[in-house]
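Next comes upload_16.tsv, a file with TSV, C-alpha atoms and all ligand atoms.
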```tsv
chain	number	residue	atom	x	y	z
A	18	MET	CA	-25.69	35.46	105.82
A	19	LEU	CA	-25.14	38.45	103.55
A	20	ARG	CA	-22.82	36.32	101.45
A	21	GLU	CA	-25.48	33.64	101.09
A	22	SER	CA	-28.17	36.07	100.00
A	23	LEU	CA	-25.76	37.73	97.56
A	24	SER	CA	-25.06	34.40	96.00
A	25	LYS	CA	-28.80	33.59	95.91
A	26	ASP	CA	-29.37	36.86	94.06
A	27	LYS	CA	-26.70	35.88	91.59
A	28	PHE	CA	-28.28	32.48	90.97
A	29	ASN	CA	-31.63	34.21	90.47
A	30	GLU	CA	-30.05	36.60	87.98
A	31	LEU	CA	-28.52	33.71	86.08
A	32	GLU	CA	-31.80	31.80	86.14
A	33	ASP	CA	-33.67	34.83	84.79
A	34	PHE	CA	-31.14	35.11	81.99
A	35	ILE	CA	-31.49	31.43	81.08
A	36	ASN	CA	-35.29	31.67	81.19
A	37	SER	CA	-35.18	34.68	78.89
A	38	LEU	CA	-33.39	32.71	76.15
A	39	GLU	CA	-35.63	31.83	73.28
A	40	GLU	CA	-33.46	28.93	72.26
A	41	LYS	CA	-31.61	27.07	75.01
A	42	LYS	CA	-30.03	24.57	72.66
A	43	GLY	CA	-26.60	25.81	71.62
A	44	ALA	CA	-26.62	28.59	74.22
A	45	LEU	CA	-24.06	27.00	76.53
A	46	ILE	CA	-21.17	29.37	75.74
A	47	GLU	CA	-23.40	32.42	76.04
A	48	VAL	CA	-24.75	31.20	79.38
A	49	LEU	CA	-21.26	30.44	80.71
A	50	HIS	CA	-20.11	33.86	79.61
A	51	THR	CA	-22.99	35.52	81.44
A	52	ALA	CA	-22.47	33.35	84.51
A	53	GLN	CA	-18.81	34.32	84.68
A	54	HIS	CA	-19.82	37.94	84.37
A	55	ILE	CA	-22.31	37.55	87.25
A	56	PHE	CA	-20.17	35.43	89.60
A	57	GLY	CA	-16.71	36.56	88.50
A	58	TYR	CA	-15.75	32.91	87.95
A	59	LEU	CA	-17.36	29.53	87.38
A	60	PRO	CA	-17.34	27.39	90.51
A	61	LYS	CA	-18.57	23.80	90.26
A	62	ASP	CA	-22.03	24.48	91.72
A	63	VAL	CA	-22.62	27.16	89.06
A	64	GLN	CA	-21.58	24.72	86.33
A	65	LEU	CA	-23.94	22.08	87.76
A	66	PHE	CA	-26.75	24.61	87.91
A	67	ILE	CA	-26.21	25.45	84.24
A	68	SER	CA	-26.09	21.80	83.27
A	69	LYS	CA	-29.44	21.20	84.99
A	70	LYS	CA	-31.08	24.32	83.57
A	71	LEU	CA	-29.95	23.69	80.01
A	72	ASN	CA	-30.46	19.97	80.28
A	73	ILE	CA	-26.91	19.28	79.19
A	74	PRO	CA	-24.69	16.59	80.79
A	75	SER	CA	-22.42	18.13	83.44
A	76	SER	CA	-19.40	16.47	81.78
A	77	LYS	CA	-20.05	18.55	78.67
A	78	VAL	CA	-20.26	21.77	80.69
A	79	PHE	CA	-17.01	20.94	82.57
A	80	GLY	CA	-15.36	20.10	79.23
A	81	VAL	CA	-16.27	23.43	77.65
A	82	VAL	CA	-15.16	25.40	80.73
A	83	SER	CA	-11.77	23.70	80.81
A	84	PHE	CA	-11.30	23.98	77.03
A	85	TYR	CA	-11.56	27.78	76.80
A	86	SER	CA	-8.85	29.65	78.68
A	87	TYR	CA	-11.22	32.61	78.95
A	88	PHE	CA	-13.28	30.74	81.52
A	89	THR	CA	-11.93	30.50	85.03
A	90	THR	CA	-12.96	28.23	87.89
A	91	LYS	CA	-10.93	30.13	90.47
A	92	PRO	CA	-12.29	33.23	92.16
A	93	ARG	CA	-10.60	36.41	90.99
A	94	GLY	CA	-10.06	39.50	93.04
A	95	GLU	CA	-12.13	42.64	92.90
A	96	TYR	CA	-9.15	44.25	91.19
A	97	VAL	CA	-7.27	42.22	88.58
A	98	ILE	CA	-3.75	43.58	88.14
A	99	ASN	CA	-2.27	42.61	84.81
A	100	ILE	CA	1.40	43.28	84.16
A	101	CYS	CA	2.36	43.28	80.50
A	102	LEU	CA	5.16	40.76	80.00
A	103	GLY	CA	5.51	41.41	76.26
A	104	THR	CA	9.03	41.93	74.88
A	105	VAL	CA	9.19	45.72	75.08
A	106	CYS	CA	7.75	45.86	78.61
A	107	PHE	CA	10.04	43.02	79.65
A	108	VAL	CA	13.11	44.87	78.39
A	109	LYS	CA	11.93	47.92	80.33
A	110	GLY	CA	11.81	45.94	83.58
A	111	ALA	CA	8.31	44.41	83.71
A	112	ASP	CA	9.75	41.39	85.54
A	113	LYS	CA	10.96	43.65	88.36
A	114	ILE	CA	7.55	45.34	88.48
A	115	MET	CA	5.93	41.92	88.76
A	116	GLU	CA	8.30	40.97	91.60
A	117	LYS	CA	7.46	44.16	93.43
A	118	PHE	CA	3.70	43.51	93.14
A	119	GLU	CA	4.29	39.94	94.35
A	120	GLN	CA	6.20	41.25	97.37
A	121	GLU	CA	3.68	43.94	98.20
A	122	LEU	CA	0.69	41.63	97.91
A	123	ASN	CA	2.46	38.57	99.25
A	124	ILE	CA	1.14	36.38	96.44
A	125	LYS	CA	2.58	34.94	93.24
A	126	CYS	CA	1.53	35.75	89.68
A	127	GLY	CA	-1.76	33.91	88.99
A	128	GLU	CA	-2.92	34.10	92.62
A	129	THR	CA	-5.51	36.13	94.50
A	130	THR	CA	-5.04	37.74	97.91
A	131	PRO	CA	-6.88	35.87	100.69
A	132	ASP	CA	-9.22	38.84	101.23
A	133	GLY	CA	-10.29	38.66	97.57
A	134	LYS	CA	-9.18	42.21	96.78
A	135	PHE	CA	-6.41	41.65	94.25
A	136	THR	CA	-5.53	39.10	91.60
A	137	LEU	CA	-2.11	39.29	89.99
A	138	GLU	CA	-1.66	38.20	86.39
A	139	GLY	CA	0.74	38.63	83.51
A	140	LEU	CA	-0.30	39.15	79.92
A	141	ARG	CA	1.19	39.53	76.47
A	142	CYS	CA	1.71	42.82	74.68
A	143	VAL	CA	-1.34	45.03	75.13
A	144	GLY	CA	-0.35	47.18	72.16
A	145	ALA	CA	0.79	50.20	74.14
A	146	CYS	CA	4.53	49.55	73.86
A	147	GLY	CA	5.29	53.30	73.78
A	148	LEU	CA	4.14	53.36	77.40
A	149	ALA	CA	6.23	50.37	78.50
A	150	PRO	CA	6.28	49.03	81.12
A	151	VAL	CA	2.51	48.83	81.25
A	152	VAL	CA	0.25	47.71	84.09
A	153	VAL	CA	-3.51	47.31	83.64
A	154	VAL	CA	-5.81	47.26	86.66
A	155	ASN	CA	-9.29	46.13	85.60
A	156	GLU	CA	-9.82	48.56	82.67
A	157	LYS	CA	-7.36	51.25	83.75
A	158	VAL	CA	-3.98	51.46	82.02
A	159	TYR	CA	-0.84	52.70	83.80
A	160	GLY	CA	2.16	53.52	81.61
A	161	LYS	CA	5.89	53.94	82.25
A	162	VAL	CA	5.43	52.31	85.62
A	163	THR	CA	8.40	52.49	88.01
A	164	LEU	CA	9.08	50.40	91.09
A	165	ASP	CA	8.04	53.37	93.23
A	166	ASP	CA	4.71	53.54	91.44
A	167	VAL	CA	3.73	50.05	92.57
A	168	GLU	CA	2.86	51.11	96.12
A	169	LYS	CA	1.03	54.18	94.84
A	170	ILE	CA	-1.07	52.13	92.44
A	171	LEU	CA	-1.99	49.70	95.19
A	172	SER	CA	-2.82	52.45	97.66
A	173	ASN	CA	-5.31	53.92	95.14
A	174	TYR	CA	-7.29	50.71	95.26
A	175	ASN	CA	-6.85	50.10	98.96
A	176	ASN	CA	-8.28	53.56	99.58
A	177	GLU	CA	-11.08	52.90	97.14
A	178	VAL	CA	-11.98	49.74	99.07
A	179	GLU	CA	-11.91	51.69	102.36
A	180	ASP	CA	-14.08	54.42	100.82
A	181	LYS	CA	-16.61	51.84	99.68
A	182	LYS	CA	-16.67	50.26	103.15
A	183	LEU	CA	-17.27	53.67	104.68
A	184	ALA	CA	-20.02	54.42	102.18
A	185	GLN	CA	-21.68	51.08	102.93
A	186	SER	CA	-21.48	51.49	106.70
A	187	SER	CA	-23.04	54.93	106.47
A	188	ILE	CA	-26.09	53.69	104.50
A	201	LIG	S1	5.13	44.86	75.20
A	201	LIG	FE1	3.93	45.72	76.76
A	201	LIG	S2	2.58	46.96	75.67
A	201	LIG	FE2	3.71	46.02	74.13
```
Take the structure I supplied and represent it as structure tokens, if you would.
Ligand code: FES
Amino acid sequence: MLRESLSKDKFNELEDFINSLEEKKGALIEVLHTAQHIFGYLPKDVQLFISKKLNIPSSKVFGVVSFYSYFTTKPRGEYVINICLGTVCFVKGADKIMEKFEQELNIKCGETTPDGKFTLEGLRCVGACGLAPVVVVNEKVYGKVTLDDVEKILSNYNNEVEDKKLAQSSI
């Protein structure tokens, strides 16, 4: 029930944004960008909604979404863990760090935990090679990460999730 109303709110937000556009023609990328920001990803029903609202064939919307790697049709976790797999980080053991995250979360790189908390991804050099190996969680950068740090990093976010739950239940 709560899930449904949350999603309704998100559709309303997207609709308001589309209605606020002065020029809808040529706004597809901007609308998709905003929709991904609102929903976290672009499921098919969101793409169909956009196609209807902008009066653009759904095939064109699907085509644009699949063309740009920035857009994703899979739900991503609340926390996206990116492990730098650039050369310097790799030499400093980023592959082992990735394996450790995979073990701890019981998912493979590119997947999201079933509870939607964490997504695990690899990326190319983030330009902080002096801190190799580097792990980025959402916007936060962790440098010189060791295998022992992996559990600590995860427990930060697990605690944060618990704190939020507690805060919500006490409202
Ligand atoms: S290779 Fe990882 S930050 Fe440059």
Spatial neighbours of stretch 50-53 of chain A, max dist 8 Å, all atoms listed in the file, sep filter under 6 positions, as an NGL selection string: :A and (31 or 59 or 63 or 88-89)
Would you list the residues near (1.1, 48.4, 82.9) (no more than 9 Å away, in the coordinates of the file, using all atoms listed in the file) as a PyMOL selection string? chain A and resi 98-101+106+111+143+145+148-154+157-162
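In this model, the gap between atom CA of A:Leu45 and atom CA of A:Leu71 comes to 7.6 Å.
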Just checking: using only C-alpha atoms and all ligand atoms, which residue out of A:Asn175, A:Glu156, A:Val105, A:Asp165 ends up closest to ligand LIG 201 (chain A)? A:Val105
Option closest in space to A:Glu128, from A:Leu171, A:Val97, A:Ile114, A:Cys142 [counting all atoms listed in the file]: A:Val97
Hey, can you check how far atom CA of A:Lys70 sits from atom CA of A:Glu30? 13.1 Å
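Interatomic distance, atom CA of A:Gly94 against atom CA of A:Ser75: 26.5 Å.
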Looking at only C-alpha atoms, which of A:Val82, A:Tyr87, A:Lys41, A:Pro92 is the one that sits closest to A:Pro131?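 Among the listed residues, the smallest separation from A:Pro131 belongs to A:Pro92.
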For A:Tyr96, please output as a count of residues only all residues within 9 Å (counting all atoms listed in the file; exclusion window: fewer than 2 positions along the same chain). 11
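The smallest atom-to-atom distance between ligand LIG 201 (chain A) and any of A:Ser172, A:Thr130, A:Thr104, A:Gln120, using only C-alpha atoms and all ligand atoms, is found for A:Thr104.
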Around all the atoms of stretch 99-114 of chain A listed in the file, draw an axis-aligned box and extend it by 3 Å on each of the six sides; I want its centre and edge lengths in Å to one decimal, as lines of an AutoDock Vina configuration file.
```
center_x = 5.4
center_y = 44.3
center_z = 81.7
size_x = 21.4
size_y = 13.2
size_z = 19.6
```
Would you mind telling me which residue in A:Gly80, A:Gly127, A:Gly139, A:Pro74 lies nearest to ligand LIG 201 (chain A) when using all atoms listed in the file?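 Checking each of A:Gly80, A:Gly127, A:Gly139, A:Pro74 against ligand LIG 201 (chain A), counting all atoms listed in the file, the winner is A:Gly139.
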